[in-house]
Amino acid sequence: MRAVEVCKQSVHTTAKALSTAEHAIAKAAKTTGHAIHTAATAVKTAWQTFTNFKAIQLIIRFFQKAHGLWKKRMRFSYAFYAIVFFLLTSAEVIFLQWGMYSEPEYEKGTEIDETTKVLQSVGGQVTRFISQMWLEQKNVCLVSFMGLALIYLALVFVTNRFWIATLVFGVALTAFGVANSIKVQLRNEPIIPADLTFISGGDTGSIMSFVPKSSQAFVNGAITFVIWFAIIIFALFVLDGRRRFIYCSWRYPIANIKIIIGNVFRILAAMLSVVLLSAYVIGLGTPGSGTYKWAKDNGYEPQLWNAIGDAQANNPAITFLSLSRVKAMNKPDNYSQKNHAVSR
């Protein structure tokens with residue numbers, strides 16, 4: 001009996017302690033809540049007092065109007081996009097070709113007329129490459145323009161952001177042109193697909209060590225150009241009210257018929273642009289294909305055994321693309337591994 005009484009007393013004491021702790025916690029919570037409410041009220045009152053100042057009201061109204069105008073900013077037209085597309089692609093074709101030449105050096109005492117000097121200069125050789133379409137009816141510029149345009153177009157449709165695609169295209173092609181020019185100076189050879197193994201092999205950290213001192217100013221100038229180019233493109237991206245090149249929405253894909261059609265066109269455009277680029281690259285390296293015949297009709301003269309000659313005649317971008325997939329020879333009729341083993 002004594003043990004039962006002790007147990008009851010212990011339970012009663014524990015319950016009383018818990019009740020006391022519960023009341024203490026409730027009181028502390030109430031006090032904390034009251035303190036928070038008081039602090040929040042004080043902050044709210046201070047904020048209202050601050051925003052009621054005339055100067056602050058003027059600033060608030062200014063930003064409200066500016067935000068309203070910002071939301072109503074115009075969308076750049078597709079015609080403007082087309083102009084930027086054409087100018088940037090053309091500029092990259094010229095820049096890549098310009099990197100294939102170097103200023104000629106003449107021995108002392110050699111008499112060279114000014115016309116010859118101009119024609120043999122870098123500017124003269126680039127001008128000749130471009131003017132072929134009028135003087136020799138060779139549209140090699142068009143072949144290289146088409147290759148770069150398809151790359152640019154694929155970036156636009158895959159990202160669905162015109163200015164992001166423009167930034168990536170401009171920076172990547174400029175870097176390619178700089179690296180190509182330096183390799184031509186060092187090894188008299190343009191960049192070819194096999195050189196990508198150097199980057200994929202983890203040797204990118206030592207790339208700058210290959211830049212000769214004579215090209216350092218050129219590299220620094222290219223870096224400065226890329227920085228300014230990125231700033232301009234970012235400014236255009238901010239000012240442009242059009243965020244998507246093709247209107248679509250992945251968050252609400254079936255909200256209305258306009259979004260459904262936009263999503264379908266978005267997917268089809270991305271797929272088609274990649275297919276066209278792949279077909280162009282494969283066709284350039286496949287004699288007898290439609291792309292190869294079209295390029296030949298426009299003055300394309302492949303020299304796969306002479307990469308530097310091919311790049312100077314056709315543009316280094318076309319040389320790179322044509323070597324991405326080269327068909328060495330056609331498969332003979334009735335060929336099989338068994339016949340091949342017997343012939344050996």
# chains A, B, ... in the order shown; residues from 1 in each chain; ligands from 1
call {"tool": "residues_around", "arguments": {"residues": "Gly147 of chain A", "least_positions_apart": "2", "cutoff": "12 Å", "atoms": "only C-alpha atoms", "output": "PyMOL selection string"}}
result
chain A and resi 89-90+92-93+140-145+149-154+273+276-284+291+295+314-322
call {"tool": "residues_around", "arguments": {"residues": "segment 304-312 of chain A", "least_positions_apart": "2", "cutoff": "10 Å", "atoms": "only C-alpha atoms", "output": "PyMOL selection string"}}
result
chain A and resi 96-101+125-126+129+184+187-192+285+300-302+314-320+322-323+326
call {"tool": "closest_residue", "arguments": {"among": "A:Leu268, A:Leu148, A:Ile182, A:Val238", "to": "Gln216 of chain A", "atoms": "only C-alpha atoms"}}
result
A:Ile182
